[in-house]
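Trainee: Provided herewith: final_37.cif, mmCIF, C-alpha atoms and all ligand atoms.
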data_run
loop_
_atom_site.label_atom_id
_atom_site.label_comp_id
_atom_site.auth_asym_id
_atom_site.auth_seq_id
_atom_site.Cartn_x
_atom_site.Cartn_y
_atom_site.Cartn_z
CA MET A 140 -6.28 -13.66 -25.33
CA SER A 141 -3.20 -11.42 -25.21
CA ALA A 142 -3.25 -8.08 -27.06
CA LYS A 143 -1.01 -5.20 -28.04
CA LEU A 144 -1.52 -2.20 -25.82
CA LYS A 145 -2.42 1.04 -27.56
CA SER A 146 -3.05 3.10 -24.44
CA VAL A 147 -2.18 2.60 -20.80
CA CYS A 148 -3.53 4.41 -17.75
CA VAL A 149 -0.78 5.13 -15.23
CA ASN A 150 -1.87 5.63 -11.63
CA CYS A 151 0.91 7.25 -9.69
CA ALA A 152 1.72 9.73 -6.95
CA SER A 153 0.95 13.41 -6.97
CA SER A 154 4.22 13.72 -4.97
CA PRO A 155 7.78 12.88 -6.04
CA GLY A 156 8.54 10.56 -3.09
CA VAL A 157 11.74 10.42 -1.07
CA HIS A 158 14.08 8.52 -3.37
CA PRO A 159 15.21 9.81 -6.78
CA GLU A 160 14.52 6.33 -8.22
CA TYR A 161 10.78 7.06 -8.15
CA VAL A 162 11.15 10.10 -10.40
CA GLU A 163 13.69 8.29 -12.58
CA ALA A 164 11.33 5.34 -13.02
CA SER A 165 8.48 7.68 -14.03
CA ARG A 166 10.70 9.23 -16.68
CA GLU A 167 11.87 5.80 -17.85
CA LEU A 168 8.30 4.51 -18.17
CA GLY A 169 7.15 7.69 -19.94
CA THR A 170 10.03 7.45 -22.41
CA LEU A 171 9.29 3.79 -23.09
CA LEU A 172 5.58 4.44 -23.68
CA ALA A 173 6.42 7.16 -26.21
CA GLN A 174 9.00 4.94 -27.96
CA ARG A 175 6.55 2.04 -28.13
CA GLY A 176 3.73 4.27 -29.45
CA ILE A 177 1.55 3.57 -26.42
CA SER A 178 -0.56 6.57 -25.36
CA LEU A 179 -0.48 7.67 -21.73
CA VAL A 180 -3.80 8.18 -19.97
CA TYR A 181 -3.47 9.77 -16.55
CA GLY A 182 -4.96 12.22 -14.06
CA GLY A 183 -3.89 15.36 -15.95
CA SER A 184 -1.83 17.10 -13.29
CA ASN A 185 1.66 18.58 -13.34
CA VAL A 186 2.70 17.49 -9.86
CA GLY A 187 4.84 14.63 -8.50
CA LEU A 188 5.32 11.43 -10.48
CA MET A 189 2.21 12.34 -12.51
CA GLY A 190 3.89 15.43 -13.91
CA GLU A 191 7.17 13.57 -14.48
CA ILE A 192 5.64 10.81 -16.56
CA ALA A 193 3.52 13.19 -18.65
CA ASP A 194 6.55 15.39 -19.38
CA ALA A 195 8.65 12.35 -20.33
CA VAL A 196 6.02 11.09 -22.80
CA LEU A 197 5.59 14.56 -24.33
CA SER A 198 9.30 15.25 -24.64
CA HIS A 199 9.73 11.97 -26.54
CA GLY A 200 6.93 12.76 -28.98
CA GLY A 201 4.25 10.51 -27.43
CA ASP A 202 0.54 11.08 -26.87
CA VAL A 203 -0.88 12.04 -23.50
CA PHE A 204 -4.56 12.12 -22.51
CA GLY A 205 -5.22 13.85 -19.20
CA VAL A 206 -8.53 13.60 -17.34
CA ILE A 207 -9.03 15.93 -14.42
CA THR A 208 -11.73 17.65 -12.37
CA GLU A 209 -12.23 21.38 -12.72
CA GLU A 210 -11.16 22.01 -9.14
CA LEU A 211 -7.90 20.07 -9.52
CA ASN A 212 -7.31 21.61 -12.93
CA ASN A 213 -7.35 25.09 -11.42
CA LYS A 214 -4.74 24.04 -8.87
CA VAL A 215 -2.48 21.52 -10.55
CA GLY A 216 -3.64 21.03 -14.15
CA HIS A 217 -0.87 20.30 -16.65
CA LYS A 218 -0.76 23.29 -19.02
CA GLY A 219 1.17 21.53 -21.78
CA LEU A 220 -1.40 18.89 -22.77
CA ARG A 221 -3.20 19.07 -26.09
CA GLU A 222 -5.72 16.50 -24.85
CA LEU A 223 -7.06 17.40 -21.42
CA GLN A 224 -10.62 16.47 -20.52
CA VAL A 225 -12.11 18.38 -17.61
CA VAL A 226 -14.90 16.43 -15.89
CA PRO A 227 -17.21 17.32 -13.00
CA THR A 228 -16.37 14.58 -10.47
CA MET A 229 -13.61 12.18 -9.43
CA HIS A 230 -15.89 9.26 -10.29
CA GLU A 231 -16.37 10.51 -13.84
CA ARG A 232 -12.64 11.04 -14.05
CA LYS A 233 -11.92 7.41 -13.20
CA THR A 234 -14.65 6.18 -15.56
CA LYS A 235 -13.17 8.21 -18.39
CA MET A 236 -9.61 7.03 -17.67
CA PHE A 237 -10.91 3.45 -17.62
CA GLN A 238 -12.70 3.84 -20.96
CA LEU A 239 -9.65 5.35 -22.67
CA SER A 240 -7.21 2.62 -21.54
CA ASP A 241 -6.30 -0.91 -22.63
CA GLY A 242 -4.50 -1.61 -19.35
CA PHE A 243 -3.31 -0.06 -16.09
CA ILE A 244 0.10 0.50 -14.58
CA VAL A 245 0.35 1.33 -10.91
CA MET A 246 3.47 3.19 -9.83
CA PRO A 247 4.41 4.17 -6.27
CA GLY A 248 1.90 6.50 -4.69
CA GLY A 249 -0.39 7.11 -1.74
CA LEU A 250 -4.12 6.87 -1.13
CA GLY A 251 -5.21 8.16 -4.56
CA THR A 252 -2.97 5.70 -6.37
CA LEU A 253 -4.02 2.76 -4.24
CA GLU A 254 -7.69 3.63 -4.53
CA GLU A 255 -7.53 3.78 -8.32
CA ALA A 256 -5.60 0.48 -8.46
CA MET A 257 -7.98 -1.36 -6.13
CA GLU A 258 -10.98 -0.15 -8.08
CA VAL A 259 -9.80 -1.54 -11.43
CA LEU A 260 -8.78 -4.80 -9.71
CA THR A 261 -12.22 -5.05 -8.08
CA TRP A 262 -13.88 -4.55 -11.45
CA ALA A 263 -11.60 -7.25 -12.93
CA GLN A 264 -12.49 -9.81 -10.27
CA LEU A 265 -16.18 -9.14 -10.91
CA GLY A 266 -15.57 -9.86 -14.61
CA LEU A 267 -16.51 -6.32 -15.64
CA HIS A 268 -13.37 -6.06 -17.77
CA SER A 269 -10.40 -8.16 -18.84
CA LYS A 270 -7.70 -5.47 -19.03
CA PRO A 271 -4.32 -6.16 -17.40
CA VAL A 272 -3.28 -4.38 -14.19
CA GLY A 273 0.44 -4.25 -13.43
CA PHE A 274 2.43 -2.81 -10.54
CA LEU A 275 5.82 -1.25 -11.25
CA ASN A 276 7.66 -2.23 -8.11
CA ILE A 277 10.34 0.42 -7.69
CA ARG A 278 12.62 -0.16 -4.68
CA GLY A 279 10.25 -2.90 -3.49
CA TYR A 280 7.64 -0.23 -2.74
CA PHE A 281 4.74 -2.67 -3.22
CA ASP A 282 6.26 -5.68 -1.40
CA ARG A 283 4.19 -5.16 1.73
CA LEU A 284 0.99 -4.62 -0.25
CA MET A 285 1.59 -7.94 -2.04
CA ASP A 286 2.27 -9.62 1.34
CA PHE A 287 -0.98 -8.21 2.62
CA LEU A 288 -2.87 -9.56 -0.40
CA ASP A 289 -1.32 -13.00 0.26
CA HIS A 290 -2.62 -12.66 3.82
CA ALA A 291 -6.09 -11.88 2.39
CA VAL A 292 -5.86 -15.14 0.38
CA ASP A 293 -4.79 -17.10 3.51
CA GLN A 294 -7.76 -15.65 5.36
CA ARG A 295 -10.08 -16.64 2.48
CA PHE A 296 -11.18 -13.11 1.69
CA LEU A 297 -9.50 -13.16 -1.73
CA LYS A 298 -9.33 -16.03 -4.23
CA LYS A 299 -5.83 -17.07 -5.20
CA GLU A 300 -6.86 -16.85 -8.88
CA HIS A 301 -7.74 -13.18 -8.35
CA ARG A 302 -4.51 -12.57 -6.44
CA GLN A 303 -2.64 -14.13 -9.37
CA MET A 304 -4.17 -11.77 -11.92
CA ILE A 305 -2.11 -8.94 -10.37
CA LEU A 306 1.04 -8.44 -12.45
CA ILE A 307 4.18 -7.05 -10.85
CA ALA A 308 7.65 -6.31 -12.22
CA GLU A 309 10.66 -4.22 -11.36
CA ASN A 310 11.25 -2.76 -14.79
CA PRO A 311 8.82 -1.24 -17.27
CA ASN A 312 9.88 -3.36 -20.27
CA GLN A 313 9.13 -6.56 -18.40
CA LEU A 314 5.85 -5.17 -17.06
CA LEU A 315 4.62 -4.17 -20.53
CA ALA A 316 5.59 -7.62 -21.87
CA ASP A 317 3.67 -9.31 -19.04
CA MET A 318 0.67 -7.07 -19.64
CA GLU A 319 0.63 -7.87 -23.34
CA ALA A 320 0.79 -11.60 -22.55
CA TYR A 321 -1.92 -11.35 -19.89
CA ILE A 322 -4.70 -13.94 -20.01
CA PRO A 323 -7.71 -12.87 -17.94
CA THR A 324 -9.06 -15.24 -15.29
CA SER A 325 -12.61 -16.47 -15.66
CA MET A 326 -12.91 -17.45 -12.00
CA GLU A 327 -16.06 -16.11 -10.41
CA LYS A 328 -15.60 -13.85 -7.42
CA TRP A 329 -17.40 -15.64 -4.62
CA VAL A 330 -15.23 -17.36 -1.98
CA ASP A 331 -16.86 -20.04 0.20
CA ARG A 332 -20.35 -19.32 -1.01
CA LYS A 333 -22.78 -21.56 0.83
P1 LIG B 1 -1.75 10.02 -4.42
O1 LIG B 1 -1.18 8.66 -4.69
O2 LIG B 1 -2.53 10.07 -3.12
O3 LIG B 1 -0.76 11.13 -4.57
O4 LIG B 1 -2.87 10.24 -5.53
C1 LIG B 1 -2.53 10.20 -6.87
C2 LIG B 1 -3.71 9.73 -7.67
O5 LIG B 1 -4.92 10.30 -7.17
C3 LIG B 1 -3.56 10.20 -9.10
O6 LIG B 1 -3.51 9.08 -9.99
C4 LIG B 1 -4.75 11.09 -9.33
O7 LIG B 1 -5.70 10.49 -10.17
C5 LIG B 1 -5.36 11.37 -7.97
N1 LIG B 1 -4.82 12.60 -7.34
C6 LIG B 1 -4.57 12.75 -6.02
N2 LIG B 1 -4.05 13.98 -5.75
C7 LIG B 1 -3.98 14.62 -6.93
C8 LIG B 1 -3.53 15.92 -7.32
N3 LIG B 1 -3.02 16.78 -6.44
N4 LIG B 1 -3.60 16.25 -8.62
C9 LIG B 1 -4.13 15.39 -9.49
N5 LIG B 1 -4.57 14.17 -9.19
C10 LIG B 1 -4.49 13.76 -7.93
#
Just give me the structure as structure tokens.
Ligand code: AMP
Mentor:
Amino acid sequence: MSAKLKSVCVNCASSPGVHPEYVEASRELGTLLAQRGISLVYGGSNVGLMGEIADAVLSHGGDVFGVITEELNNKVGHKGLRELQVVPTMHERKTKMFQLSDGFIVMPGGLGTLEEAMEVLTWAQLGLHSKPVGFLNIRGYFDRLMDFLDHAVDQRFLKKEHRQMILIAENPNQLLADMEAYIPTSMEKWVDRK
């Protein structure tokens, strides 16, 4: 069943990346979330694309919920957030971000971004939740990841139904529309169980 999104967790880089389009896309998504009244949930820092999207939401009058560890907060915590939860561990941070969010948007990023994205997708394929997960594919950044996931399907390590639950779009309006129309798969995880 599709549903209106009230809050979205954005997983994105703690760096700005090479091309200005990455920063521009973060600002565009942040602005859109604020205009649509969708709260941003994110990792609570002021660096890279994370800082850009939080600032864009705030400057357009939107709501931002940051969740961060104490150690990271001392180094890179965003000082302008009214709602910043400081938690003891990275695992609690991800659990909290998951609980606060109706869906997940993955923007360009490195290991941290990919790890957070793969975790919510793993939970989805196990049927632990039915929230949409969408990749915002700026400059084709995720093309090779999607090719790799197709390879995983070919090699029968990933079910095509689980591959198909991954949403991807080049612009944030389209991605939000796809997320709101998302119908969760009920396919069980096991491939080739004998
Ligand atoms: P990365 O893509 O490796 O830059 O990691 C970004 C993701 O990992 C974010 O969504 C954060 O949750 C977490 N993360 C990694 N590095 C930082 C950092 N310096 N400050 C805050 N969060 C970070």
Trainee: Can you tell me, as a tab-separated table (two decimals) with C-alpha atoms, keeping the file's coordinate frame, what residues are no more than 10 Å from Lys299 of chain A when counting all atoms listed in the file, ignoring any on the same chain fewer than 4 positions away?
Mentor:
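As a result, result_3.tsv now contains:
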chain	number	residue	atom	x	y	z
A	288	LEU	CA	-2.87	-9.56	-0.40
A	289	ASP	CA	-1.32	-13.00	0.26
A	291	ALA	CA	-6.09	-11.88	2.39
A	292	VAL	CA	-5.86	-15.14	0.38
A	293	ASP	CA	-4.79	-17.10	3.51
A	295	ARG	CA	-10.08	-16.64	2.48
A	303	GLN	CA	-2.64	-14.13	-9.37
A	304	MET	CA	-4.17	-11.77	-11.92
A	326	MET	CA	-12.91	-17.45	-12.00
A	330	VAL	CA	-15.23	-17.36	-1.98
Trainee: Could you work out how far atom N2 of ligand LIG 1 (chain B) lies from atom CA of Leu253 of chain A, giving the answer in Å with one decimal?
Mentor: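 Separation between atom CA of Leu253 of chain A and atom N2 of ligand LIG 1 (chain B): 11.3 Å.
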Trainee: Would you tabulate, counting all atoms listed in the file, all residues of chain A that have an atom at most 8 Å from an atom of ligand LIG 1 (chain B), showing the closest pair of atoms and their distance in Å to one decimal, sorted by chain then ascending number, as a Markdown table?
Mentor:
| residue | atom | partner | partner_atom | distance |
| --- | --- | --- | --- | --- |
| A:Val149 | CA | B:LIG1 | O6 | 7.1 |
| A:Asn150 | CA | B:LIG1 | O6 | 4.2 |
| A:Cys151 | CA | B:LIG1 | O6 | 4.8 |
| A:Ala152 | CA | B:LIG1 | O3 | 3.7 |
| A:Ser153 | CA | B:LIG1 | O3 | 3.7 |
| A:Ser154 | CA | B:LIG1 | O3 | 5.6 |
| A:Tyr181 | CA | B:LIG1 | O6 | 6.6 |
| A:Gly182 | CA | B:LIG1 | O7 | 4.3 |
| A:Gly183 | CA | B:LIG1 | C9 | 6.5 |
| A:Ser184 | CA | B:LIG1 | C9 | 4.8 |
| A:Asn185 | CA | B:LIG1 | N4 | 7.4 |
| A:Val186 | CA | B:LIG1 | N4 | 6.5 |
| A:Gly187 | CA | B:LIG1 | O3 | 7.7 |
| A:Met189 | CA | B:LIG1 | C3 | 7.0 |
| A:Ile207 | CA | B:LIG1 | C9 | 7.0 |
| A:Leu211 | CA | B:LIG1 | N4 | 5.8 |
| A:Asn212 | CA | B:LIG1 | C9 | 7.8 |
| A:Lys214 | CA | B:LIG1 | N3 | 7.8 |
| A:Val215 | CA | B:LIG1 | N4 | 5.7 |
| A:Gly216 | CA | B:LIG1 | N4 | 7.3 |
| A:Arg232 | CA | B:LIG1 | O7 | 8.0 |
| A:Lys233 | CA | B:LIG1 | O7 | 7.6 |
| A:Pro247 | CA | B:LIG1 | O1 | 7.3 |
| A:Gly248 | CA | B:LIG1 | O1 | 3.8 |
| A:Gly249 | CA | B:LIG1 | O1 | 3.4 |
| A:Leu250 | CA | B:LIG1 | O2 | 4.1 |
| A:Gly251 | CA | B:LIG1 | O4 | 3.3 |
| A:Thr252 | CA | B:LIG1 | O1 | 3.8 |
| A:Leu253 | CA | B:LIG1 | O1 | 6.6 |
| A:Glu254 | CA | B:LIG1 | O5 | 7.7 |
| A:Glu255 | CA | B:LIG1 | O6 | 6.9 |
Trainee: Hey, could you pull the box centre and edge lengths for segment 235-245 of chain A, axis-aligned, 4 Å padding per side, all listed atoms, to one decimal in Å, as JSON?
Mentor:
{"center_x": -6.4, "center_y": 3.3, "center_z": -16.8, "size_x": 21.5, "size_y": 17.8, "size_z": 19.8}
Trainee: Which distance in Å separates atom CA of Ile322 of chain A and atom CA of Ala308 of chain A, to one decimal?
Mentor: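 Atom CA of Ala308 of chain A lies 16.5 Å from atom CA of Ile322 of chain A.
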Trainee: Suppose you want the space between atom CA of Ala256 of chain A and atom CA of His199 of chain A; what is it in Å?
Mentor: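 These two atoms are separated by 26.3 Å.
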